[in-house]
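J.: Supplied in structure tokens, the structure appears directly below.
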Amino acid sequence: DWIIFTSSNGVKFFMEALNDLSVNTQLPKNIRIATIGTQTAKTAKKYGLKISFIPSIFSAKNLAQEIPNIRGKQILLPRSKIGNQEFKKQLEARGAIVTDMPIYKTTYPKINLRQFNKCLQANQILCLTFNSPSTIEGFLKNTDTKMFKTIISLPVICIRQATSKSTKHHGFKTIYTAQGHQKTE
């Protein structure tokens with residue numbers, strides 16, 4: 001009944017998988033599409049998908065709370081292998097039958113942060129900005145462990161509550177959370 005995309009990557013990998021399997025990428029008209037926000041909707045529209053629902057605030061929590069008429073409906077979640085399980089549970093609590101379909105794996109490439117370390121040692125970095133928990137994971141996997149204490153002492157600006165929760169989990173002390181993006185008409 002519904003396909004819910006929580007990221008542009010989810011849209012991209014889902015549509016590419018359909019194409020690779022030689023499945024018609026024109027979805028039946030009775031399947032409704034929901035996206036977590038306008039950027040994900042924009043990606044979906046590039047593939048010719050018609051968006052039926054975007055929450056008022058671009059967050060998984062709002063999407064789960066606001067998506068209409070899902071009791072007894074089948075929902076497909078093509079998303080990252082590390083997708084938030086709480087989101088699935090919130091949809092199920094509202095009576096939806098949810099199929100969680102990991103469609104891609106988040107990876108953390110090794111990156112040389114020599115320039116970052118140089119700037120950090122020279123006190124030229126005022127704060128860090130993270131847009132997802134996986135961004136934090138990737139960043140920390142690449143940082144010099146000797147610099148960890150200095151890094152977690154920096155103020156952090158996060159997009160969404162889940163990202164803020166992850167920074168707190170990793171030991172950051174000063175955390176600012178941007179208000180959720182809101183739909184504008």
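Letters for chains follow the order of the structure tokens (A, B, ...), residue numbers begin at 1 for each chain, and ligand numbers begin at 1 in the order shown.
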Leaving out A:Ser164 and any residue of its chain fewer than 4 positions from it, which residues lie within 12 Å of it when counting only C-alpha atoms, given as a ChimeraX atom specification?
T.: /A:128-136,155-160,168-179
J.: Looking only at the backbone, which of the residues in stretch 1-145 of chain A does DSSP tag as strand (DSSP E or B), as a VMD selection string?
T.: chain A and resid 2 to 5 32 to 35 51 to 53 57 74 to 80 97 to 104 128 to 130
J.: Extract the full set of alpha helix (DSSP H) residues from chain A according to DSSP on the backbone, and format it as a VMD selection string.
T.: chain A and resid 8 to 20 38 to 46 60 to 66 85 to 93 114 to 121 133 to 142 148 to 153 161 to 169
J.: Near A:Phe13, within 9 Å and counting only C-alpha atoms, which residues show up once chain neighbours fewer than 2 positions away are dropped, as a VMD selection string?
T.: chain A and resid 8 to 11 15 to 18 78 to 79 103 to 104
J.: For a quick check of understanding, using only C-alpha atoms, which of A:Phe148, A:Lys42, A:Thr35, A:Gln124 has the smallest distance to A:Phe58?
T.: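 Ranked by minimum distance to A:Phe58, first place goes to A:Thr35.
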J.: Would you mind listing what lies within 8 Å of A:Arg94 as a ChimeraX atom specification, with only C-alpha atoms counted and same-chain residues fewer than 3 positions away left out?
T.: /A:70-71,90-91
J.: Counting only C-alpha atoms, what is within 12 Å of A:Ile54, bar same-chain residues fewer than 4 positions away, as a PyMOL selection string?
T.: chain A and resi 4-6+32-42+44+50+58-60+62-68+181-185
J.: Write a file of the selected residues as a compact mmCIF listing (two decimals), in the first residue's frame, keeping N, CA and C atoms.
T.:
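In the end it all went to again20.txt:
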```
# COMPACT_ATOMS: atom_id res chain seq x y z
N ILE A 4 7.81 3.85 1.92
CA ILE A 4 8.31 5.01 2.65
C ILE A 4 9.82 5.10 2.45
N PHE A 5 10.25 6.25 1.94
CA PHE A 5 11.67 6.51 1.76
C PHE A 5 12.14 7.48 2.83
N THR A 6 13.18 7.09 3.56
CA THR A 6 13.72 7.94 4.62
C THR A 6 15.00 8.64 4.21
N ARG A 32 1.15 4.10 -2.70
CA ARG A 32 1.41 5.48 -2.31
C ARG A 32 2.85 5.61 -1.84
N ILE A 33 3.44 6.78 -2.08
CA ILE A 33 4.84 7.04 -1.72
C ILE A 33 4.88 8.13 -0.65
N ALA A 34 5.62 7.86 0.43
CA ALA A 34 5.87 8.87 1.46
C ALA A 34 7.38 9.07 1.54
N THR A 35 7.77 10.32 1.80
CA THR A 35 9.19 10.61 1.99
C THR A 35 9.36 11.40 3.28
N ILE A 36 10.55 11.31 3.85
CA ILE A 36 10.83 11.98 5.11
C ILE A 36 10.91 13.50 4.97
N GLY A 37 11.19 13.98 3.77
CA GLY A 37 11.30 15.41 3.55
C GLY A 37 11.35 15.76 2.08
N THR A 38 11.50 17.04 1.82
CA THR A 38 11.43 17.52 0.44
C THR A 38 12.64 17.09 -0.41
N GLN A 39 13.81 16.97 0.19
CA GLN A 39 14.98 16.54 -0.60
C GLN A 39 14.81 15.09 -1.07
N THR A 40 14.30 14.24 -0.19
CA THR A 40 14.04 12.85 -0.57
C THR A 40 12.94 12.80 -1.62
N ALA A 41 11.92 13.65 -1.45
CA ALA A 41 10.83 13.73 -2.45
C ALA A 41 11.38 14.17 -3.81
N LYS A 42 12.28 15.13 -3.79
CA LYS A 42 12.88 15.63 -5.03
C LYS A 42 13.60 14.49 -5.77
N ALA A 44 12.95 11.27 -5.44
CA ALA A 44 11.91 10.33 -5.89
C ALA A 44 11.25 10.83 -7.17
N LYS A 50 5.33 9.64 -7.80
CA LYS A 50 4.39 10.66 -7.34
C LYS A 50 4.34 10.58 -5.80
N PHE A 58 10.36 17.37 9.09
CA PHE A 58 11.08 16.30 8.41
C PHE A 58 11.86 15.44 9.39
N SER A 59 11.16 14.52 10.03
CA SER A 59 11.79 13.58 10.95
C SER A 59 11.03 12.26 10.88
N ALA A 60 11.73 11.18 11.24
CA ALA A 60 11.09 9.86 11.23
C ALA A 60 9.94 9.84 12.24
N ASN A 62 7.94 12.31 13.19
CA ASN A 62 6.76 12.97 12.63
C ASN A 62 6.17 12.17 11.48
N LEU A 63 7.01 11.57 10.68
CA LEU A 63 6.51 10.74 9.59
C LEU A 63 5.67 9.60 10.13
N ALA A 64 6.17 8.91 11.15
CA ALA A 64 5.44 7.78 11.75
C ALA A 64 4.13 8.24 12.39
N GLN A 65 4.13 9.41 12.99
CA GLN A 65 2.93 9.92 13.66
C GLN A 65 1.88 10.46 12.69
N GLU A 66 2.32 11.06 11.59
CA GLU A 66 1.42 11.81 10.73
C GLU A 66 0.93 11.07 9.49
N ILE A 67 1.64 10.04 9.05
CA ILE A 67 1.22 9.36 7.82
C ILE A 67 -0.21 8.83 8.02
N PRO A 68 -1.12 9.15 7.10
CA PRO A 68 -2.53 8.82 7.33
C PRO A 68 -2.91 7.38 6.95
N HIS A 181 13.36 20.51 9.97
CA HIS A 181 12.93 21.24 8.78
C HIS A 181 11.43 21.11 8.68
N GLN A 182 10.76 22.17 8.32
CA GLN A 182 9.32 22.13 8.19
C GLN A 182 8.91 22.34 6.74
N LYS A 183 7.81 21.74 6.41
CA LYS A 183 7.25 21.89 5.08
C LYS A 183 6.74 23.32 4.92
N THR A 184 7.00 23.91 3.79
CA THR A 184 6.42 25.23 3.50
C THR A 184 5.52 25.06 2.28
N GLU A 185 4.41 25.71 2.31
CA GLU A 185 3.45 25.60 1.21
C GLU A 185 3.70 26.68 0.20
```
J.: So that I can check the surroundings of A:Tyr108, please list as a ChimeraX atom specification every protein, DNA and RNA residue that reaches within 10 Å of it, counting only C-alpha atoms and ignoring chain neighbours fewer than 4 positions away.
T.: /A:134-135,137-142
